[in-house]
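Heads up: the structure comes next, in structure tokens.
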Amino acid sequence: MRYAIFLGCTVPVRAQNYEISARKVCEALGIELVDLPQFRCCGYPVKSVDFEKFVLLAARNLAIAEKENLPILTLCNACTVTLTEANEELKHSEELKKKVNEKLSRFGLSYEGKVEVKHIVRVLYELKDKIEIKRKIEGFKAATHYGCHYSRPSLVYEFDDPQYPHTLDELVELTGIEVVPYEEPYLCCGGGLLGIKEDLALRLTKKKLDRIKGKVDLLVSICPFCSIMYEGNQKKIEKQFEVEYGIPVVYYTQLLGLSLGFSPDELGFKLQRIKPRKLMETFNA
């Protein structure tokens with residue numbers, strides 16, 4: 001299997017551990033990741049203010065992958081939903097497609113609608129029965145966080161149940177970790193509000209941290225911005241609301257990497273802001 005890896009804007013700057021572990025896991029599973037340096041922003045931030053520009057930005061990336069005859073593998077939930085939605089809009093509007101292609105032609109590109117976009121968790125889930133676990137991660141409990149954009153747009157994505165997703169839970173359990181249910185698991189992380197209403201955004205983040213406090217050893221994330229909210233802003237929330245959590249936030253690819261035989265150092269665990277020390281000590285030993 002060959003995919004063009006789409007890192008987006010956040011991963012290279014604030015989630016290098018996600019990229020490091022994703023590349024390790026894909027290599028171990030025989031998934032070839034092709035870097036296309038021409039990729040740019042997916043277009044997500046522009047959608048609410050200029051729909052056509054959002055589609056154009058996404059279409060440029062889609063056209064680049066099409067030119068190489070490669071499907072796209074994404075790490076970010078927002079990138080996934082943006083590229084998927086733009087793909088669908090263009091497939092069903094010849095007028096929009098014509099407008100976009102007129103602008104893309106200046107760069108020697110053309111969108112045809114032949115490329116498929118998949119989040120890395122979907123790719124891994126579709127390989128679930130072929131993944132050979134080398135060592136189980138036993139004795140640890142985790143809460144999973146899917147994020148708002150993981151299975152949307154639901155009518156297009158047709159992968160997991162948008163109301164009650166289950167695929168990440170199954171993948172986490174594959175590693176040997178116990179997935180712990182908790183109240184309101186599908187709440188938004190608050191990331192979409194961070195730039196305009198920080199206090200409300202942090203309150204949303206705090207709500208989930210309150211739900212899982214004392215119940216788990218770690219929170220499993222599959223989206224870089226969700227991790228920014230739960231890990232990057234955790235100490236800020238502790239200080240602002242006078243609470244204590246100390247909940248490590250770990251990417252699923254890091255956990256799968258451990259169960260495939262990689263060490264914590266090889267999977268970027270040193271880059272965690274809140275270290276899962278027990279997990280690191282167990283597998284470094």
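Identifiers in this document derive from the order of the structure tokens: chains are assigned A, B, ..., residues are numbered from 1 separately in each chain, and ligands are numbered from 1 in order of occurrence.
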**Request:** Excluding segment 106-115 of chain A and any residue of its chain fewer than 4 positions from it, enumerate the residues within 12 Å of it, using only C-alpha atoms, and give them as a ChimeraX atom specification.
**Result:** /A:3-4,38,55-73,83-94,96-102
**Asked** Which parts of segment 112-256 of chain A does DSSP call helix (DSSP H, G or I) when run on the backbone here, written out as a ChimeraX atom specification?
**Response** /A:120-126,128-130,154-157,167-174,191-193,198-212,224-232,234-241,252-256
**Message:** If we count only C-alpha atoms and set the cut-off at 7 Å, which residues sit around segment 240-249 of chain A, ignoring sequence neighbours fewer than 2 positions away in its own chain? Please answer as a ChimeraX atom specification.
**Reply:** /A:213,217-221,227,230-231,236-238,251,274-276
**Message:** Need the shell around Ile120 of chain A: protein/DNA/RNA residues with any atom at most 9 Å away, counting only C-alpha atoms. Skip same-chain ones fewer than 5 positions apart. Format as a VMD selection string?
**Reply:** chain A and resid 22 73 to 76 125 222 253
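Closest approach to Lys278 of chain A from the set A:Val46, A:Ala78, A:Leu29, A:Ile137 is made by A:Ile137, with distances taken over only C-alpha atoms.
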**Asked** Can you list every residue in segment 74-167 of chain A that DSSP puts in strand (DSSP E), as a PyMOL selection string?
**Response** chain A and resi 74+117-119+141-144
